[in-house]
Structure formats: structure tokens, C-alpha cells
$ cat protein27.cif   # mmCIF, C-alpha atoms (C1' of nucleotides)
data_work
loop_
_atom_site.label_atom_id
_atom_site.label_comp_id
_atom_site.auth_asym_id
_atom_site.auth_seq_id
_atom_site.Cartn_x
_atom_site.Cartn_y
_atom_site.Cartn_z
CA MET A 1 156.49 -176.93 -15.37
CA ALA A 2 153.01 -176.59 -14.00
CA ASP A 3 154.18 -178.27 -10.82
CA LEU A 4 157.00 -175.80 -10.38
CA LYS A 5 154.59 -172.91 -10.77
CA ALA A 6 152.20 -174.58 -8.37
CA MET A 7 154.95 -174.86 -5.79
CA ALA A 8 155.77 -171.25 -6.29
CA VAL A 9 152.19 -170.30 -5.53
CA SER A 10 152.11 -172.43 -2.40
CA ARG A 11 155.38 -171.00 -1.19
CA ALA A 12 154.21 -167.47 -1.78
CA ALA A 13 151.09 -168.23 0.24
CA ALA A 14 153.20 -169.65 3.05
CA ASN A 15 155.33 -166.52 3.07
CA ALA A 16 152.20 -164.43 3.22
CA VAL A 17 151.22 -166.23 6.40
CA LYS A 18 154.61 -165.50 7.92
CA ARG A 19 154.38 -161.83 7.10
CA SER A 20 150.92 -161.66 8.58
CA ARG A 21 152.16 -163.23 11.79
CA ALA A 22 155.02 -160.78 11.96
CA ALA A 23 152.62 -157.88 11.48
CA ALA A 24 150.34 -159.27 14.19
CA LYS A 25 153.34 -159.50 16.50
CA ASP A 26 154.12 -155.87 15.74
CA LEU A 27 150.65 -154.77 16.67
CA ALA A 28 150.94 -156.76 19.86
CA THR A 29 154.23 -155.18 20.85
CA ASP A 30 152.86 -151.75 20.00
CA GLY A 31 150.31 -152.10 22.75
CA SER A 32 152.67 -153.64 25.28
CA GLY A 33 155.69 -152.33 27.12
CA GLU A 34 158.07 -152.59 24.17
CA ALA A 35 157.56 -149.65 21.84
CA GLY A 36 157.27 -150.60 18.17
CA LEU A 37 159.16 -148.61 15.57
CA GLN A 38 157.29 -145.68 14.11
CA PRO A 39 157.24 -145.13 10.35
CA GLY A 40 156.55 -141.50 11.18
CA GLU A 41 156.44 -139.16 8.19
CA LEU A 42 157.07 -142.16 5.97
CA ALA A 43 153.39 -143.00 6.22
CA GLU A 44 152.62 -139.59 4.71
CA PHE A 45 154.39 -140.45 1.47
CA ILE A 46 151.99 -142.25 -0.82
CA GLY A 47 154.53 -144.83 -1.96
CA TYR A 48 154.98 -146.43 1.45
CA PRO A 49 151.38 -147.35 2.32
CA LEU A 50 150.69 -148.00 -1.36
CA LYS A 51 153.38 -150.64 -1.60
CA ARG A 52 152.40 -152.23 1.70
CA ALA A 53 148.74 -152.32 0.74
CA GLN A 54 149.62 -153.89 -2.60
CA LEU A 55 151.63 -156.64 -0.91
CA ARG A 56 148.83 -157.33 1.53
CA ILE A 57 146.20 -157.46 -1.21
CA PHE A 58 148.29 -159.80 -3.34
CA GLU A 59 148.91 -162.04 -0.33
CA ASP A 60 145.20 -162.32 0.33
CA PHE A 61 144.35 -162.84 -3.34
CA LEU A 62 146.90 -165.64 -3.50
CA ARG A 63 145.40 -167.26 -0.41
CA CYS A 64 141.82 -166.97 -1.68
CA VAL A 65 142.58 -168.34 -5.14
CA ALA A 66 145.05 -170.95 -3.85
CA PRO A 67 142.66 -173.85 -4.57
CA LEU A 68 142.98 -173.01 -8.28
CA GLN A 69 146.72 -172.33 -8.15
CA LEU A 70 146.52 -168.97 -9.90
CA THR A 71 148.75 -165.99 -9.26
CA PRO A 72 147.38 -162.47 -9.69
CA ALA A 73 149.33 -162.20 -12.95
CA GLN A 74 147.91 -165.46 -14.29
CA PHE A 75 144.42 -164.42 -13.28
CA SER A 76 144.85 -161.14 -15.12
CA VAL A 77 145.88 -162.98 -18.29
CA LEU A 78 142.83 -165.26 -18.19
CA MET A 79 140.55 -162.29 -17.55
CA LEU A 80 142.01 -160.43 -20.51
CA LEU A 81 141.71 -163.45 -22.80
CA ASP A 82 138.08 -163.83 -21.82
CA ARG A 83 137.31 -160.21 -22.49
CA ASN A 84 139.39 -159.78 -25.65
CA PRO A 85 139.22 -162.82 -27.93
CA GLY A 86 141.28 -162.99 -31.11
CA ARG A 87 144.32 -161.12 -29.79
CA ASN A 88 147.91 -162.21 -30.18
CA GLN A 89 150.62 -162.56 -27.56
CA THR A 90 152.08 -159.12 -28.11
CA GLU A 91 148.74 -157.40 -27.62
CA ILE A 92 147.84 -159.31 -24.46
CA ALA A 93 151.28 -158.88 -22.93
CA HIS A 94 151.48 -155.19 -23.77
CA THR A 95 148.08 -154.45 -22.25
CA LEU A 96 149.19 -156.04 -18.99
CA GLY A 97 152.57 -154.33 -19.00
CA ILE A 98 154.35 -157.66 -19.43
CA LEU A 99 157.33 -157.72 -21.78
CA ARG A 100 156.95 -160.12 -24.68
CA PRO A 101 159.94 -162.31 -23.79
CA ASN A 102 158.61 -162.80 -20.27
CA PHE A 103 155.11 -163.50 -21.50
CA VAL A 104 156.30 -166.55 -23.44
CA ALA A 105 157.06 -168.53 -20.28
CA MET A 106 153.84 -167.34 -18.63
CA LEU A 107 151.82 -168.62 -21.57
CA ASP A 108 153.78 -171.88 -21.60
CA VAL A 109 152.61 -172.54 -18.06
CA LEU A 110 148.98 -171.66 -18.73
CA GLU A 111 148.96 -173.66 -21.97
CA SER A 112 150.62 -176.69 -20.35
CA ARG A 113 147.82 -176.62 -17.79
CA GLY A 114 145.28 -176.61 -20.59
CA LEU A 115 143.84 -173.21 -19.67
CA CYS A 116 144.60 -171.52 -22.99
CA ALA A 117 146.02 -172.34 -26.40
CA ARG A 118 148.10 -170.70 -29.11
CA MET A 119 146.50 -170.64 -32.55
CA ARG A 120 148.34 -169.57 -35.67
CA SER A 121 146.64 -166.56 -37.17
CA ALA A 122 145.33 -167.00 -40.71
CA ASN A 123 145.92 -163.34 -41.58
CA ASP A 124 149.40 -163.05 -40.14
CA ARG A 125 151.28 -166.29 -39.81
CA ARG A 126 153.84 -164.71 -37.54
CA SER A 127 151.42 -164.19 -34.69
CA HIS A 128 149.76 -166.54 -32.24
CA ILE A 129 146.17 -165.84 -31.37
CA VAL A 130 145.70 -166.78 -27.73
CA VAL A 131 142.38 -168.42 -26.88
CA LEU A 132 140.82 -169.56 -23.64
CA THR A 133 140.01 -173.26 -23.60
CA ASP A 134 136.81 -174.62 -22.05
CA LYS A 135 138.86 -175.63 -19.04
CA GLY A 136 140.32 -172.14 -18.95
CA ARG A 137 136.84 -170.63 -18.91
CA SER A 138 135.79 -173.04 -16.19
CA VAL A 139 138.81 -172.26 -14.02
CA LEU A 140 138.38 -168.54 -14.61
CA SER A 141 134.74 -168.76 -13.59
CA ARG A 142 135.67 -170.42 -10.32
CA ALA A 143 138.57 -168.00 -9.81
CA ARG A 144 136.21 -165.07 -10.20
CA LYS A 145 134.04 -166.45 -7.41
CA LEU A 146 137.00 -166.95 -5.09
CA ALA A 147 138.37 -163.52 -5.91
CA ALA A 148 134.93 -162.05 -5.28
CA LYS A 149 135.16 -163.24 -1.65
CA HIS A 150 138.52 -161.52 -1.39
CA GLU A 151 136.97 -158.33 -2.77
CA ALA A 152 134.00 -158.66 -0.45
CA ARG A 153 136.35 -158.71 2.54
CA LEU A 154 137.85 -155.45 1.34
CA THR A 155 134.41 -153.90 0.89
CA GLU A 156 133.61 -155.01 4.42
CA LEU A 157 136.71 -153.25 5.70
CA LEU A 158 136.32 -149.98 3.79
CA GLY A 159 132.65 -149.71 3.03
CA SER A 160 131.23 -149.89 -0.45
CA ALA A 161 131.43 -146.19 -1.30
CA ASN A 162 134.98 -145.89 -0.01
CA ARG A 163 136.09 -148.93 -1.94
CA ALA A 164 134.65 -147.44 -5.12
CA ALA A 165 136.46 -144.18 -4.44
CA LEU A 166 139.68 -146.07 -3.82
CA LEU A 167 139.36 -147.93 -7.12
CA ALA A 168 138.69 -144.71 -8.97
CA MET A 169 141.71 -142.97 -7.47
CA LEU A 170 144.07 -145.88 -8.12
CA SER A 171 142.91 -146.11 -11.73
CA LYS A 172 143.36 -142.39 -12.11
CA ILE A 173 146.91 -142.60 -10.76
CA ALA A 174 147.69 -145.52 -13.05
CA THR A 175 146.44 -143.77 -16.16
CA GLU A 176 146.82 -140.03 -15.57
CA PHE A 177 149.69 -139.48 -13.16
CA MET B 178 179.24 -150.90 -5.02
CA ALA B 179 177.72 -147.47 -4.82
CA ASP B 180 178.26 -147.08 -8.54
CA LEU B 181 176.45 -150.29 -9.31
CA LYS B 182 173.52 -149.18 -7.24
CA ALA B 183 173.59 -145.79 -8.91
CA MET B 184 173.43 -147.43 -12.33
CA ALA B 185 170.52 -149.51 -11.17
CA VAL B 186 168.63 -146.39 -10.22
CA SER B 187 169.33 -144.73 -13.56
CA ARG B 188 168.27 -147.80 -15.46
CA ALA B 189 165.05 -148.07 -13.50
CA ALA B 190 164.32 -144.44 -14.33
CA ALA B 191 164.97 -145.09 -18.00
CA ASN B 192 162.57 -148.02 -17.93
CA ALA B 193 159.99 -145.84 -16.30
CA VAL B 194 160.19 -143.45 -19.23
CA LYS B 195 159.65 -146.31 -21.66
CA ARG B 196 156.61 -147.54 -19.80
CA SER B 197 155.17 -144.04 -19.75
CA ARG B 198 155.59 -143.73 -23.49
CA ALA B 199 153.92 -147.07 -24.03
CA ALA B 200 151.00 -145.99 -21.88
CA ALA B 201 150.71 -142.73 -23.78
CA LYS B 202 150.64 -144.68 -27.02
CA ASP B 203 147.83 -146.80 -25.58
CA LEU B 204 145.75 -143.79 -24.78
CA ALA B 205 146.35 -142.48 -28.28
CA THR B 206 145.21 -145.70 -29.93
CA ASP B 207 142.19 -145.83 -27.66
CA GLY B 208 140.88 -142.66 -29.19
CA SER B 209 141.76 -143.53 -32.78
CA GLY B 210 140.45 -146.14 -35.18
CA GLU B 211 142.36 -149.06 -33.62
CA ALA B 212 140.57 -150.26 -30.52
CA GLY B 213 142.85 -150.73 -27.49
CA LEU B 214 142.44 -153.81 -25.33
CA GLN B 215 139.98 -153.47 -22.49
CA PRO B 216 140.91 -154.67 -19.02
CA GLY B 217 137.18 -154.96 -18.44
CA GLU B 218 136.17 -156.47 -15.10
CA LEU B 219 139.86 -156.69 -14.23
CA ALA B 220 139.77 -153.02 -13.33
CA GLU B 221 137.10 -153.86 -10.75
CA PHE B 222 139.46 -156.08 -8.78
CA ILE B 223 141.47 -153.98 -6.38
CA GLY B 224 144.75 -155.75 -7.08
CA TYR B 225 145.01 -154.68 -10.69
CA PRO B 226 144.77 -150.89 -10.37
CA LEU B 227 146.60 -151.10 -7.05
CA LYS B 228 149.64 -152.73 -8.60
CA ARG B 229 149.62 -150.40 -11.59
CA ALA B 230 149.31 -147.34 -9.40
CA GLN B 231 152.17 -148.57 -7.22
CA LEU B 232 154.44 -149.01 -10.24
CA ARG B 233 153.56 -145.57 -11.52
CA ILE B 234 154.16 -143.92 -8.16
CA PHE B 235 157.51 -145.66 -7.71
CA GLU B 236 158.52 -144.63 -11.23
CA ASP B 237 157.78 -141.02 -10.48
CA PHE B 238 159.45 -141.13 -7.07
CA LEU B 239 162.57 -142.57 -8.67
CA ARG B 240 162.57 -139.80 -11.28
CA CYS B 241 162.04 -137.04 -8.73
CA VAL B 242 164.74 -138.26 -6.34
CA ALA B 243 167.12 -139.28 -9.15
CA PRO B 244 169.53 -136.38 -8.39
CA LEU B 245 170.23 -138.00 -5.01
CA GLN B 246 170.33 -141.56 -6.37
CA LEU B 247 167.92 -142.96 -3.81
CA THR B 248 165.44 -145.77 -4.39
CA PRO B 249 162.12 -145.79 -2.50
CA ALA B 250 163.51 -148.57 -0.30
CA GLN B 251 166.67 -146.62 0.51
CA PHE B 252 164.63 -143.52 1.24
CA SER B 253 162.45 -145.49 3.62
CA VAL B 254 165.51 -146.74 5.50
CA LEU B 255 166.91 -143.23 5.94
CA MET B 256 163.51 -141.95 7.07
CA LEU B 257 163.24 -144.72 9.63
CA LEU B 258 166.75 -144.14 10.94
CA ASP B 259 166.00 -140.45 11.36
CA ARG B 260 162.80 -141.13 13.25
CA ASN B 261 164.03 -144.03 15.36
CA PRO B 262 167.60 -143.56 16.60
CA GLY B 263 169.36 -146.27 18.58
CA ARG B 264 167.81 -149.24 16.78
CA ASN B 265 169.67 -152.25 15.46
CA GLN B 266 169.56 -153.83 12.02
CA THR B 267 166.95 -156.41 12.90
CA GLU B 268 164.53 -153.81 14.20
CA ILE B 269 164.89 -151.48 11.23
CA ALA B 270 164.65 -154.27 8.70
CA HIS B 271 161.66 -155.87 10.39
CA THR B 272 159.74 -152.62 10.54
CA LEU B 273 160.18 -152.16 6.81
CA GLY B 274 159.33 -155.77 6.00
CA ILE B 275 162.86 -156.44 4.80
CA LEU B 276 164.40 -159.77 5.73
CA ARG B 277 167.58 -159.46 7.77
CA PRO B 278 169.83 -161.22 5.26
CA ASN B 279 168.68 -158.86 2.49
CA PHE B 280 169.07 -155.83 4.71
CA VAL B 281 172.80 -156.46 5.09
CA ALA B 282 173.58 -155.58 1.47
CA MET B 283 171.22 -152.61 1.58
CA LEU B 284 173.06 -151.22 4.59
CA ASP B 285 176.41 -151.94 2.97
CA VAL B 286 175.45 -149.65 0.10
CA LEU B 287 174.16 -146.85 2.31
CA GLU B 288 177.17 -147.12 4.62
CA SER B 289 179.65 -147.16 1.72
CA ARG B 290 178.05 -143.93 0.53
CA GLY B 291 178.56 -142.45 3.99
CA LEU B 292 174.85 -141.99 4.67
CA CYS B 293 174.71 -144.18 7.78
CA ALA B 294 177.03 -146.18 10.03
CA ARG B 295 176.98 -149.36 12.07
CA MET B 296 177.88 -148.90 15.76
CA ARG B 297 178.46 -151.81 18.12
CA SER B 298 175.95 -151.73 20.91
CA ALA B 299 177.37 -151.43 24.43
CA ASN B 300 174.50 -153.39 25.97
CA ASP B 301 174.42 -156.22 23.46
CA ARG B 302 177.63 -156.78 21.56
CA ARG B 303 175.85 -158.94 19.00
CA SER B 304 173.84 -156.08 17.57
CA HIS B 305 174.73 -153.12 15.41
CA ILE B 306 173.03 -149.84 16.16
CA VAL B 307 172.43 -148.07 12.87
CA VAL B 308 172.91 -144.31 12.92
CA LEU B 309 172.41 -141.59 10.34
CA THR B 310 175.58 -139.65 9.57
CA ASP B 311 175.58 -135.89 9.06
CA LYS B 312 175.80 -136.54 5.34
CA GLY B 313 172.89 -138.95 5.67
CA ARG B 314 170.81 -136.30 7.37
CA SER B 315 171.75 -133.79 4.69
CA VAL B 316 170.84 -136.13 1.84
CA LEU B 317 167.62 -137.12 3.57
CA SER B 318 166.68 -133.48 3.99
CA ARG B 319 167.14 -132.84 0.29
CA ALA B 320 165.36 -136.09 -0.59
CA ARG B 321 162.38 -135.01 1.45
CA LYS B 322 162.14 -131.82 -0.57
CA LEU B 323 162.32 -133.66 -3.89
CA ALA B 324 159.81 -136.25 -2.72
CA ALA B 325 157.54 -133.44 -1.59
CA LYS B 326 157.29 -132.23 -5.18
CA HIS B 327 156.32 -135.72 -6.21
CA GLU B 328 153.64 -135.76 -3.52
CA ALA B 329 152.45 -132.32 -4.56
CA ARG B 330 151.85 -133.56 -8.09
CA LEU B 331 149.67 -136.31 -6.68
CA THR B 332 147.72 -133.85 -4.57
CA GLU B 333 147.24 -131.77 -7.69
CA LEU B 334 145.80 -134.77 -9.50
CA LEU B 335 143.48 -136.03 -6.76
CA GLY B 336 142.77 -133.01 -4.62
CA SER B 337 143.94 -132.66 -1.05
CA ALA B 338 140.98 -134.27 0.64
CA ASN B 339 140.93 -137.20 -1.74
CA ARG B 340 144.64 -137.77 -1.32
CA ALA B 341 144.20 -137.86 2.46
CA ALA B 342 141.36 -140.34 2.09
CA LEU B 343 143.51 -142.47 -0.20
CA LEU B 344 146.36 -142.50 2.31
CA ALA B 345 144.01 -143.47 5.11
CA MET B 346 142.49 -146.34 3.14
CA LEU B 347 145.86 -147.71 2.00
CA SER B 348 147.19 -147.61 5.56
CA LYS B 349 144.06 -149.33 6.77
CA ILE B 350 144.48 -152.08 4.20
CA ALA B 351 148.14 -152.46 5.09
CA THR B 352 147.46 -152.79 8.79
CA GLU B 353 143.95 -154.18 9.19
CA PHE B 354 143.14 -156.27 6.14
"C1'" DG C 355 162.56 -157.37 -55.28
"C1'" DA C 356 165.68 -155.40 -51.57
"C1'" DT C 357 165.30 -153.58 -47.11
"C1'" DA C 358 163.04 -152.75 -42.84
"C1'" DT C 359 159.74 -154.09 -39.37
"C1'" DT C 360 157.03 -157.22 -36.58
"C1'" DT C 361 156.22 -161.59 -34.00
"C1'" DG C 362 157.35 -165.22 -31.07
"C1'" DA C 363 161.17 -167.13 -28.98
"C1'" DT C 364 165.81 -167.93 -26.61
"C1'" DA C 365 169.48 -166.59 -23.84
"C1'" DT C 366 170.98 -163.75 -20.40
"C1'" DA C 367 171.51 -160.15 -16.68
"C1'" DT C 368 169.79 -157.77 -12.68
"C1'" DT C 369 166.98 -156.95 -8.83
"C1'" DC C 370 164.02 -158.49 -5.15
"C1'" DA C 371 162.73 -161.86 -2.00
"C1'" DA C 372 163.30 -166.07 0.59
"C1'" DT C 373 165.73 -170.04 3.07
"C1'" DA C 374 169.54 -172.45 5.32
"C1'" DA C 375 173.43 -172.27 7.88
"C1'" DC C 376 177.26 -170.28 10.70
"C1'" DA C 377 180.13 -167.70 14.45
"C1'" DA C 378 179.68 -164.67 18.12
"C1'" DT C 379 177.08 -163.25 21.81
"C1'" DT C 380 173.44 -163.40 25.10
"C1'" DA C 381 169.39 -165.60 27.57
"C1'" DC C 382 167.61 -169.24 30.06
"C1'" DC C 383 167.28 -172.83 33.43
"C1'" DA C 384 168.15 -177.22 35.90
"C1'" DT D 385 177.43 -172.45 37.96
"C1'" DG D 386 177.52 -174.68 33.54
"C1'" DG D 387 175.13 -176.32 29.57
"C1'" DT D 388 171.62 -175.55 26.23
"C1'" DA D 389 168.73 -172.55 23.63
"C1'" DA D 390 167.90 -168.26 21.31
"C1'" DT D 391 169.38 -163.96 18.99
"C1'" DT D 392 172.30 -161.03 15.84
"C1'" DG D 393 174.70 -160.12 11.83
"C1'" DT D 394 176.43 -162.43 8.03
"C1'" DT D 395 177.27 -165.49 3.92
"C1'" DA D 396 175.76 -168.46 0.42
"C1'" DT D 397 172.24 -169.83 -2.36
"C1'" DT D 398 167.84 -170.15 -4.59
"C1'" DG D 399 163.62 -168.64 -7.09
"C1'" DA D 400 160.64 -165.07 -9.15
"C1'" DA D 401 160.04 -160.87 -11.55
"C1'" DT D 402 161.85 -157.76 -14.78
"C1'" DA D 403 164.80 -156.08 -18.42
"C1'" DT D 404 167.89 -156.28 -22.75
"C1'" DA D 405 169.89 -158.20 -26.94
"C1'" DT D 406 169.35 -161.17 -30.53
"C1'" DC D 407 167.39 -164.52 -33.82
"C1'" DA D 408 164.41 -166.86 -37.56
"C1'" DA D 409 160.20 -166.53 -39.81
"C1'" DA D 410 156.79 -163.77 -41.73
"C1'" DT D 411 155.13 -159.50 -43.24
"C1'" DA D 412 155.34 -154.54 -44.57
"C1'" DT D 413 157.36 -150.86 -47.16
"C1'" DC D 414 159.32 -148.59 -50.79
#
$ encode --input "protein27.cif" --output "C-alpha cells"
Amino acid sequence: MADLKAMAVSRAAANAVKRSRAAAKDLATDGSGEAGLQPGELAEFIGYPLKRAQLRIFEDFLRCVAPLQLTPAQFSVLMLLDRNPGRNQTEIAHTLGILRPNFVAMLDVLESRGLCARMRSANDRRSHIVVLTDKGRSVLSRARKLAAKHEARLTELLGSANRAALLAMLSKIATEF
Amino acid sequence: MADLKAMAVSRAAANAVKRSRAAAKDLATDGSGEAGLQPGELAEFIGYPLKRAQLRIFEDFLRCVAPLQLTPAQFSVLMLLDRNPGRNQTEIAHTLGILRPNFVAMLDVLESRGLCARMRSANDRRSHIVVLTDKGRSVLSRARKLAAKHEARLTELLGSANRAALLAMLSKIATEF
DNA sequence: GATATTTGATATATTCAATAACAATTACCA
DNA sequence: TGGTAATTGTTATTGAATATATCAAATATC
């Protein structure tokens, strides 16, 4: 199980490399005799650059956190568990926009890797309280450091103030649009 | 074929509505006695708000362009065909980051709806030049108008200058990160 | 106490994305 | 020139992400 997920991470990282190379090739051809295709107006619609930026960011996150074999989704679960102890599966999944049925398999993977555990709630014996294990906290701590490098690269590209403005606007879109 | 795709679009729009309701419920509980879960630091990592904003934007795009039954991906293909006539499948697909094998089915749908057509190239009889039909141009023209409303709502939320800055930063991430 | 709801789980379907392989055509080059 | 390599569109197939319906167990509601 964990091995399958690990392979998936590695394969995603490999694909990221391929896409990067393709993009680099594009830039190269843009400057040379062959004219590259122009997105044109497409780049003026928010969805197009937004989706491409999201793919690029996830690629880089995956690459940076590859030593710990964590996907962005898995990282987000560990972060949420750390911040919100004593919550059950439904609450965690719902906060992340993950449907409960799909969250079961996600948790299975994390639990099989010893990063978190299901505990039967004393109050409500239907629900499983999800807790971070010591190993989970340790892995999360290291993941935060690796992800911080990824974030630092972005800050380097945009500048600190611009990055903050970007975060604010994206959050606003996610919550108020 | 076209009907299947049409259903897919409608279903995606329906799901979008559900997610919006769930989010609204979250905001409601945040203000009431029950404390909502906090993403905490997670919101400081670019990937999290970026992904959520992308989902929200795509939801709204889908809703706005629903009368024409076009997904963001299909819209991007039509836009690219309009801007770059005389290109073959490989070139169009590559520019949009779509793998050639997956682009075949996408084109099949658009062609079966009469929005574009494959033309054998005179120079290179291996390749298919993809052209917009008159109907394709007509649908694209209407789609642009619907999408413009969607974009206007975003401008209303962020302000014109901020939206421009957002676009610039996302494009920079997509191309330079 | 009977009925409805919630929780975690299973099974399943669909979409998106990725790889391998193939025939037809073209490019290369010895 | 002829033989090999590369390219194009295509098919088949796989895996990952996302969505729905349904179920048993536990709880809530009335």
C-alpha cells in the first residue's frame, strides 16, 4: 500500500521533470526561428494561468518533499491534524474538501506508514478521532522545512510583498468568490 | 459522444453547487458557537490557497459557460485554434500541456459537435491541421462573452489593478518558476 | 421505543493524466 | 539510392483523483 503510494509520488515527480523540459523547449523555440504557439487572449482569462501555476507549484512541492514521499494532499492532512487535534475523519476530510469515502483510503495509507492513527471516540463510538503519531509529527516537521525551501524559491521569484499579496488574493477567491 | 460530454459538464456544475453550499455552511459555523477547523499555517503555503482558488474559478467558469456546454479545457482549445490557424494536433496539444493521445478524444468531441475539423496537411500527410468551423467561431464568440462576465465578477472582487497583478504573478509562476 | 440521521466504510463510475505500442509518413544519412 | 530513424495520429491500457450509492453500527430525535 505504502509502496504503491510511494511509486505514485516518484512517478508524478518524474512527470514533472518531463513537463519542465517541454516548457524549456518551448521557451527555446520561442526565441529561435520556429515561432511558438501563442496563448493570446487565453492568458487574460484567470483560469488559464491559474491552472498552469497550480500545476507548476504542485510539481515543485512534490520534488522538494520527495525525500519524505508526501503528496500535497497528504501534507495538508498532516498539517490539519497537527493544528486541530481531537477531530474525526468527517471533520478533517470536509475541511480539506475531500469526500469521506475518498478520505478512507488516504488515511489507510498514512496510518499504514505510521504517521497517524484512528482512535475510537469515547463520546461517540461511531467516529474515529484521527491523531498524529510521534513519527507523524517528526515527518511533518521535516516536511515543513522542505516545503519552506519551496516557498522561499517562490518568494525569491515574486518578492516578499508580492507573494503576500498573491496569497491574500488566492484566499479571497477561495472563500469569497 | 457529445451527449456524454454534455452530461459531464452538467454534473460538474451540479457538484460545484454542492461544494459552494458546503463552503457557505463552513462560514456560517465559523461565526456561530461551533468552531470550524482552522487550516492554520496551511494557508501560508502557496499550494493550498492556489488549488482551492483554481477549483473555485473553474466551478464558476463552468457555470457561466454552461449554456454552451464548454469545459475550461475545451474553451482553451477553441481559443488556441482561433489564434493559431494552420497548426496540427501535436502543436495545439503541446501548447496546452495536453498529451497527444489524450487530445485525440478531446478533438473527437469538438469535431463531432461541428466546432472544428481535421484537415490533412498538403506538406506533411502525416499531420492533421485543425481548423475552427464557422459554428466553432460562433460558439467561441458567445463563450467569450459569457466568460467575460465571469472575469468581470473577479475584477469586482479584487479590483482591476489587483486582478492584473494576480494575472501577472500567476503567469510568471507558470513560466519562470 | 420506532424512526431518522450520522459515521466510517465498500463498491463503483467517471474524468484526467500517463505510458506503450502501432501504421503511415517523412527525415536522415551512409 | 536505399535503409534506418523519427514523427504523427491513433488505440489500448493503466493509475490517480473525484463523485455517487449504499451499508452496518451507533447515535439522535420525537
$ atom_distance --input "protein27.cif" --atom1 "atom CA of Met119 of chain A" --atom2 "atom CA of Leu132 of chain A"
10.6 Å
$ residues_around --input "protein27.cif" --residues "Ala320 of chain B" --least-positions-apart "3" --cutoff "10 Å" --atoms "all atoms listed in the file" --output "MDAnalysis selection string"
chainID B and resid 241:247 252 255:256 314:317 323:325
$ interface_residues --input "protein27.cif" --of "chain B" --to "chain A" --cutoff "7 Å" --atoms "only C-alpha atoms" --output "PyMOL selection string"
chain B and resi 214+216-217+219+222-224+226-231+233-235+253+256-257+260-261+272+328+343-344+347-348+350-351
$ write_last_selection --input "protein27.cif" --atoms "C-alpha atoms" --output "PDB file, in the frame of the given file"
ATOM      1  CA  LEU B 214     142.440-153.810 -25.330  1.00  0.00           C
ATOM      2  CA  PRO B 216     140.910-154.670 -19.020  1.00  0.00           C
ATOM      3  CA  GLY B 217     137.180-154.960 -18.440  1.00  0.00           C
ATOM      4  CA  LEU B 219     139.860-156.690 -14.230  1.00  0.00           C
ATOM      5  CA  PHE B 222     139.460-156.080  -8.780  1.00  0.00           C
ATOM      6  CA  ILE B 223     141.470-153.980  -6.380  1.00  0.00           C
ATOM      7  CA  GLY B 224     144.750-155.750  -7.080  1.00  0.00           C
ATOM      8  CA  PRO B 226     144.770-150.890 -10.370  1.00  0.00           C
ATOM      9  CA  LEU B 227     146.600-151.100  -7.050  1.00  0.00           C
ATOM     10  CA  LYS B 228     149.640-152.730  -8.600  1.00  0.00           C
ATOM     11  CA  ARG B 229     149.620-150.400 -11.590  1.00  0.00           C
ATOM     12  CA  ALA B 230     149.310-147.340  -9.400  1.00  0.00           C
ATOM     13  CA  GLN B 231     152.170-148.570  -7.220  1.00  0.00           C
ATOM     14  CA  ARG B 233     153.560-145.570 -11.520  1.00  0.00           C
ATOM     15  CA  ILE B 234     154.160-143.920  -8.160  1.00  0.00           C
ATOM     16  CA  PHE B 235     157.510-145.660  -7.710  1.00  0.00           C
ATOM     17  CA  SER B 253     162.450-145.490   3.620  1.00  0.00           C
ATOM     18  CA  MET B 256     163.510-141.950   7.070  1.00  0.00           C
ATOM     19  CA  LEU B 257     163.240-144.720   9.630  1.00  0.00           C
ATOM     20  CA  ARG B 260     162.800-141.130  13.250  1.00  0.00           C
ATOM     21  CA  ASN B 261     164.030-144.030  15.360  1.00  0.00           C
ATOM     22  CA  THR B 272     159.740-152.620  10.540  1.00  0.00           C
ATOM     23  CA  GLU B 328     153.640-135.760  -3.520  1.00  0.00           C
ATOM     24  CA  LEU B 343     143.510-142.470  -0.200  1.00  0.00           C
ATOM     25  CA  LEU B 344     146.360-142.500   2.310  1.00  0.00           C
ATOM     26  CA  LEU B 347     145.860-147.710   2.000  1.00  0.00           C
ATOM     27  CA  SER B 348     147.190-147.610   5.560  1.00  0.00           C
ATOM     28  CA  ILE B 350     144.480-152.080   4.200  1.00  0.00           C
ATOM     29  CA  ALA B 351     148.140-152.460   5.090  1.00  0.00           C
TER      30      ALA B 351
END
$ interface_residues --input "protein27.cif" --of "chain D" --to "chain B" --cutoff "12 Å" --atoms "all atoms listed in the file" --output "list of chain:residue names"
D:DT391, D:DT392, D:DG393, D:DT394, D:DT395, D:DA396, D:DT397, D:DT402, D:DA403, D:DT404
$ write_last_selection --input "protein27.cif" --atoms "C-alpha atoms (C1' of nucleotides)" --output "PDB file, in the coordinates of the input"
ATOM      1  C1'  DT D 391     169.380-163.960  18.990  1.00  0.00           C
ATOM      2  C1'  DT D 392     172.300-161.030  15.840  1.00  0.00           C
ATOM      3  C1'  DG D 393     174.700-160.120  11.830  1.00  0.00           C
ATOM      4  C1'  DT D 394     176.430-162.430   8.030  1.00  0.00           C
ATOM      5  C1'  DT D 395     177.270-165.490   3.920  1.00  0.00           C
ATOM      6  C1'  DA D 396     175.760-168.460   0.420  1.00  0.00           C
ATOM      7  C1'  DT D 397     172.240-169.830  -2.360  1.00  0.00           C
ATOM      8  C1'  DT D 402     161.850-157.760 -14.780  1.00  0.00           C
ATOM      9  C1'  DA D 403     164.800-156.080 -18.420  1.00  0.00           C
ATOM     10  C1'  DT D 404     167.890-156.280 -22.750  1.00  0.00           C
TER      11       DT D 404
END
$ atom_distance --input "protein27.cif" --atom1 "atom CA of Ala270 of chain B" --atom2 "atom CA of Arg63 of chain A"
24.9 Å
